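Okay, structure first, notes after.
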Amino acid sequence: MPRTRPLLVAALLLPLTAHAQTTPQPSIATNSPDGKPLSTRVVAYNIDAKLDTDKKTLDAIETLTYKNLTGHPLTSIPFHLYLNAFRPRSTFTKETHFTGGVLDPEDDKNYPSEKLGSITISHIEADGYGDLTSAMHFIAPDDNNAEDHTVTEITLPHPLAPNDAITFRFAFHDVFPLSVARNGYKRDFIMGGQWYPKPGVFWHGAWNCHQYHSSTEFFSDFATFRVSLTLPRRYVVGASGVPIGEVTNSDNTKTLSFYGEDIGDFAWAASPNFTITDGTYLSSLGPVKIHVLALAAHPKAGARYLNVMQKTLAQYDHRYGPYPYKIITVIDPEPDSEMGGMEYPTLFTGETSWYDPTYLTEQAAEHEFGHQYWYGMVATNEFEDAWLDEGINSYTEVKVMAAIFGQNTSVFGRSYANIGDTDLRRYDYFIEPDFDPVTRWAFKFRNFYSYGVITYGKSATLLTTLEGIIGRDTMDEALRTYFMRYRFTHPTTEDFLRTIEEVAIADGKAISTVPPPPTHGQHSTISDQSTATSFNEADASPALVFPSSPPLTSTGYPDYATTPATNSSLRSFFNQAVYGTQILDYSVDQVSSDPAQWWLPEPKDKKQVQYLSSVYLHRKGDFVLPVTAEIVFDDGTRLRERWDGLDRWTKFTYTRNAKILSVEIDPDHTILLDKDLFNNSYVTTPNNIPARKLSNIWLSFQQLLAQLSTWIV
Amino acid sequence: MPERSNIFLHGFFLTLRCFPALIWAYIFNLGLALIFSIRLHAQFSSIMDHSLAAQRLTSGFDLSTLANTFLRLQDGPSGGNAGAFTSVPLYLLVYFFLVPGTLFCYQTKSPAHLSTLFHQGLLHFWRFFRITLLTILVSALILGPLVFIQGKWADQVDKHAVELHAFFATLVGYVIIFLVASILRLYFDLVEVYTVQLGLHLRHNGKPDRRVRRALAPAWRTLRAHFSQAWPVFLFLTILGASAVVLTARASMHMLAQPRVWPTFLLAQFGLFVLLFTRFWQRAAETSLALQNPTFTPSPLPILPVVGKVNPIDPLHPNHPVPAHQISLPGQPFDPIPNPEPASPSLDEPDPGVFHHNPAKSPQ
Ligand SMILES: [Zn+2]
């Protein structure tokens with residue numbers, strides 16, 4: 001779908017938000033100041049569901065009120081039916097089979113019956129529209145796959161006028177699969193994720209309702225949810241929102257009710273094996289309950305999750321902005337399921353095992369919590385801009401993990417070996433660095449692997465490099481400004497980049513390349529609706545007015561990669577790192593120090609010798625970035641040289657009474673996008689301990705393997 | 001031969017007596033690995049010796065630096081470390097020749113010179129080849145179904161138990177497979193021992209007995225009769241060797257961050273040597289058992305009636321001269337069998353059993 005800017009949407013949202021302001025109610029599920037809604041609540045859900053834990057099925061009545069804030073009369077509304085992806089002929093399964101996905105590729109000829117999942121709508125009606133069951137038909141906007149049933153469209157007999165609302169009543173039946181991706185069951189654990197009909201988002205002048213792809217996540221409007229779930233009494237349930245009621249029924253079941261607001265999705269998890277570990281974090285907006293449901297098989301998980309959540313909440317509150325919800329529920333999913341490490345509003349699933357000597361348990365929890373900001377509140381389109389949720393979140397993940405567990409020890413930190421999350425994400429990137437830009441739509445990547453390493457690994461690495469360019473404080477401020485400005489909206493890549501440019505220019509870390517704006521207050525993003533959604537803290541000053549989107553290429557995509565730097569001096573970096581696939585690799589090519597008067601005999605006092613030293617730097621990649629090189633002489637002198645990197649190589653020469661000891665490009669180690677960090681430096685005195693260490697390990701390993709192989713004789 | 005000696009201790013002394021065999025195996029194990037590590041080491045050196053980024057591996061062990069090194073290796077023009085595992089099959093081949101020689105030395109008390117070992121290796125090549133094939137076949141037939149059942153068992157466990165409970169439940173299955181595999185290995189070790197023993201025996205046609213088939217039954221009888229003695233010894237030595245490797249590997253791992261390599265090297269080599277030692281000890285203990293339960297009654301070993309300078313370790317060429325300097329070296333350990341010290345036999349004449357092998361006749 002073309003990316004057009006939502007000029008009209010903001011203005012049209014105003015009536016709703018004004019209405020919300022006039023009837024303030026104390027907030028049930030958030031710590032919103034004055035109880036005001038935090039978001040533009042487009043949808044109101046009311047779902048009564050009964051779960052059959054033996055058959056792993058669910059029957060529900062869903063009442064859904066959709067407010068038409070699009071500014072257009074609507075003649076149809078598309079709905080996501082994600083559970084229908086788990087069929088052999090769905091687009092999800094097809095893509096998984098051919099290009100990889102979150103699950104093991106299943107053989108098309110032999111799709112296991114227990115992995116079949118479905119959602120069937122048996123009846124739909126709408127107030128004032130009558131029975132709409134026959135007005136429903138499957139559509140496949142992305143690939144025209146007639147066998148894909150993950151999107152259904154309901155054609156309205158008469159249009160829904162702007163600012164009117166329509167109330168649907170669905171009767172639907174879920175069959176949960178043995179977990180394939182993100183939901184389903186494993187043993188007696190059941191994860192209700194993407195389990196109910198959910199409308200698409202009317203965004204940038206059109207419906208945005210993609211099919212479920214092997215590499216895509218989700219996109220939805222903000223809403224309120226009132227959900228009741230009936231299931232056997234022995235089950236413990238964690239769900240989005242806050243619990244608001246529990247009724248014990250006569251048939252050995254119970255009915256649990258939950259309420260969530262200003263969230264875009266609702267998920268729940270049920271297991272008879274949960275143990276509960278609760279804690280509280282006092283955020284800048286009020287207390288947040290940390291509700292951990294860990295499996296009895298993971299006796300240490302409850303305390304570990306609680307501990308890392310306390311620290312993570314503090315980091316996020318301090319760095320990026322307040323967490324406004326009253327609760328965060330941590331679900332410890334069943335082992336060996338495909339449901340670990342998944343984010344839902346105010347709830348996420350972690351990932352751990354009975355023995356985890358690393359901080360990967362903590363990393364999973366930190367990452368999924370981060371999505372409360374980058375996906376949950378800053379609700380970007382995960383189908384199209386995956387890097388804005390997974391990428392920004394991977395960047396904040398490495399930052400927060402480093403702050404809690406140490407820069408080089410945040411994944412594994414023992415005295416004998418260590419690895420940091422920043423380096424781990426960077427390593428991922430360089431496994432397959434140059435097929436796709438981070439901005440590619442999630443389901444258009446070369447394959448699932450490239451999607452993963454680029455969206456998570458490259459995004460984290462490029463934003464860390466950007467932090468090196470504009471400075472840590474400016475980067476934190478930019479992220480905070482972005483969060484505060486775009487929370488509870490659906491921003492785009494340009495919204496994010498321009499916020500960074502604006503903050504960097506204001507901090508003097510980048511140079512504006514456009515004339516200053518004549519007037520204020522013209523920035524044209526959806527966040528203009530923020531009259532109702534802003535907190536007491538003042539948002540950042542109004543954005544600078546930047547030129548409109550760059551020209552389009554012949555294929556209709558914005559031509560960011562070849563456009564000359566616009567907006568700011570950071571554009572060259574953005575064009576290459578964000579919109580491009582250029583590889584960055586600088587190296588110290590050659591270092592030498594020879595007597596300047598080489599024909600003279602060597603004097604006794606070496607300090608009298610004048611040396612002619614030369615340093616050659618080489619740009620090996622196609623990514624151009626100005627770099628600094630530090631030259632250290634054996635008299636203790638340290639010099640720093642700056643090179644714009646435009647040419648393929650450069651040379652520095654020195655005539656001094658000292659020889660060069662070492663040369664290092666990027667001596668502050670901020671340019672993590674550099675593909676090969678080994679060739680960034682040259683030390684004249686070799687040190688062969690590292691090589692010998694690795695060779696020794698390899699040697700012993702070979703010997704062991706050789707000895708083991710002889711057991712067949 | 002002591003009537004009923006402790007095979008564990010006797011095996012230990014046998015191993016020490018044929019210590020050179022073990023040393024040779026170790027030298028090949030280390031030497032081949034060294035040779036095939038040279039290129040990789042050169043690549044490591046060229047990447048890291050002059051790099052400040054590599055310093056994270058000097059006084060620490062940063063796993064990302066390690067990972068980046070391997071990423072760099074893949075990028076190299078030489079196409080990474082292809083052929084880096086070549087030392088494994090080569091060592092297997094060398095070991096294939098060393099085993100018969102070692103068993104021969106255990107049984108005949110001949111000194112374990114490299115030439116002796118390899119000569120015997122050549123003589124026994126087809127016999128051991130057949131045994132190895134048989135071992136693989138029988139193991140596949142017995143362990144295959146067990147692995148299959150283990151898979152089913154693991155599935156069953158997975159339905160009802162998770163994590164630690166599931167781990168122990170599936171571990172039980174693996175332990176059973178390991179125990180069965182150890183019995184198989186012990187049996188075929190005995191087959192190898194008896195095969196060598198049979199080979200010391202001349203048949204009516206005057207040729208040594210090369211029938212592997214004839215070693216199967218004695219090995220089985222001995223295993224059955226002395227199972228309670230042999231299996232625990234075998235298991236204990238297996239676990240001893242494995243523990244040595246695990247412990248030294250663990251200790252080496254904890255030394256990774258040190259800016260010195262030689263302590264780690266020595267420790268790892270110690271563990272690998274113990275692993276090898278326990279394997280040779282196992283074979284010696286099995287030999288001890290076989291010597292106490294010979295396939296034939298008091299033996300017409302061709303080495304016993306010594307006339308002149310007969311080469312005792314090369315009964316096929318009894319007239320092969322023994323070089324004089326080998327006979328009366330001072331300081332040689334006392335050998336209870338009053339034979340002249342055997343020579344290092346040369347392979348000047350091809351062994352008919354090896355080079356004129358007729359598959360139609362064999363393995364009769
Ligand atoms: Zn994520």
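As shown in the structure tokens, the chain order sets the letters A, B, ...; within each chain, residues go from 1, and ligands are also counted from 1 in the order they appear.
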Once you count only C-alpha atoms, which residues of chain A turn out to be within 6 Å of chain B? Could you give them as number ranges by chain?
-> A: 354, 416-419, 423, 678, 681-683, 686-691, 693, 695, 699, 703, 706, 710, 713
Backbone-only DSSP, helix (DSSP H, G or I) members of region 31-254 of chain B, as an MDAnalysis selection string = chainID B and resid 31:35 38:48 53:57 63:75 87:108 114:123 125:160 163:199 213:225 227:254
To check your reading of the model: which residues sit at most 7 Å from ligand 1 when counting only C-alpha atoms and all ligand atoms? Write the answer as a compact mmCIF listing (two decimals) with C-alpha atoms, in the first residue's frame.
# COMPACT_ATOMS: atom_id res chain seq x y z
CA MET A 342 5.79 -12.52 22.40
CA GLU A 343 4.36 -9.14 23.18
CA HIS A 367 12.67 -7.11 25.10
CA GLU A 368 9.01 -8.02 25.37
CA HIS A 371 7.30 -3.60 23.15
CA GLU A 390 11.35 -4.74 16.62
CA ASN A 393 12.98 -2.15 20.64
Per DSSP on the backbone, filter region 151-398 of chain A down to the residues in strand (DSSP E) and report them as a VMD selection string.
-> chain A and resid 151 to 160 165 to 175 184 to 186 189 to 192 198 to 199 201 to 203 206 to 208 223 to 232 236 to 239 242 to 248 253 to 263 268 to 271 274 to 283 286 to 295 327 to 331 342 to 344 347 to 349
Within 8 Å of Arg89 (chain A), counting only C-alpha atoms, which residues show up once you throw out same-chain ones fewer than 3 positions away? Write them as an MDAnalysis selection string, please.
-> chainID A and resid 93:94 108 147:148
Would you save the residues of that selection, restricted to N, CA and C atoms, as a short mmCIF file (atom, residue, chain, number, x, y, z; two decimals), in the first residue's frame?
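File produced: out_12.cif:
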data_model
loop_
_atom_site.label_atom_id
_atom_site.label_comp_id
_atom_site.auth_asym_id
_atom_site.auth_seq_id
_atom_site.Cartn_x
_atom_site.Cartn_y
_atom_site.Cartn_z
N THR A 93 1.51 -20.45 5.94
CA THR A 93 2.16 -21.76 5.85
C THR A 93 2.98 -21.87 4.57
N LYS A 94 2.44 -21.31 3.49
CA LYS A 94 3.18 -21.36 2.23
C LYS A 94 4.51 -20.63 2.35
N ASP A 108 4.15 -29.62 3.30
CA ASP A 108 2.81 -29.33 2.82
C ASP A 108 1.97 -30.59 2.70
N GLU A 147 -6.92 -19.23 -1.10
CA GLU A 147 -6.98 -20.21 -0.02
C GLU A 147 -6.60 -19.60 1.32
N ASP A 148 -6.23 -18.32 1.30
CA ASP A 148 -5.86 -17.70 2.56
C ASP A 148 -7.10 -17.08 3.19
#
Would you kindly return, as number ranges by chain, each protein, DNA or RNA residue with an atom no farther than 8 Å from any atom of Ser220 (chain A), considering only C-alpha atoms and excluding same-chain residues fewer than 5 positions away?
-> A: 198-201, 264-265, 379
For CA of Pro73 (chain A) and CA of Ile124 (chain A), determine how far apart the two atoms are, in Å to one decimal place.
->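 Between CA of Pro73 (chain A) and CA of Ile124 (chain A) the gap is 20.7 Å.
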Within 8 Å of Thr295 (chain B), counting only C-alpha atoms, which residues show up once you throw out same-chain ones fewer than 5 positions away? Write them as a PyMOL selection string, please.
-> chain B and resi 194+197-198+218
Quick one: write out the picked residues with C-alpha atoms as a short mmCIF file (atom, residue, chain, number, x, y, z; two decimals), in the first residue's frame?
data_model
loop_
_atom_site.label_atom_id
_atom_site.label_comp_id
_atom_site.auth_asym_id
_atom_site.auth_seq_id
_atom_site.Cartn_x
_atom_site.Cartn_y
_atom_site.Cartn_z
CA TYR B 194 40.59 -63.08 20.25
CA GLN B 197 45.08 -64.35 19.67
CA LEU B 198 43.90 -66.66 16.91
CA PRO B 218 35.08 -67.33 22.38
#
Selection: 8 Å around region 293-295 of chain A, only C-alpha atoms, excl. self and same-chain fewer than 3 positions, as a PyMOL selection string | chain A and resi 238+273-277+298-299+301-302+329-334
Please identify all polymer residues within 12 Å of region 236-238 of chain B, counting only C-alpha atoms, omitting same-chain residues fewer than 6 positions from it, and present them as a PyMOL selection string.
-> (chain A and resi 708+711) or (chain B and resi 8-9+11-12+178-179+181-183+185-186+229-230+244-245+274-286)
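Counting from CA of Asn408 (chain A), the distance to CA of Thr422 (chain A) is 7.8 Å.
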Taking only C-alpha atoms into account, which of A:Asp48, A:Asp34, A:Asp164, A:Asp668 comes nearest Lys67 (chain A)?
-> A:Asp164
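You can rank A:Glu95, A:Glu217, A:Asp52, A:Glu384 by their closest distance to Thr492 (chain A) using only C-alpha atoms, and at the top of that list sits A:Glu384.
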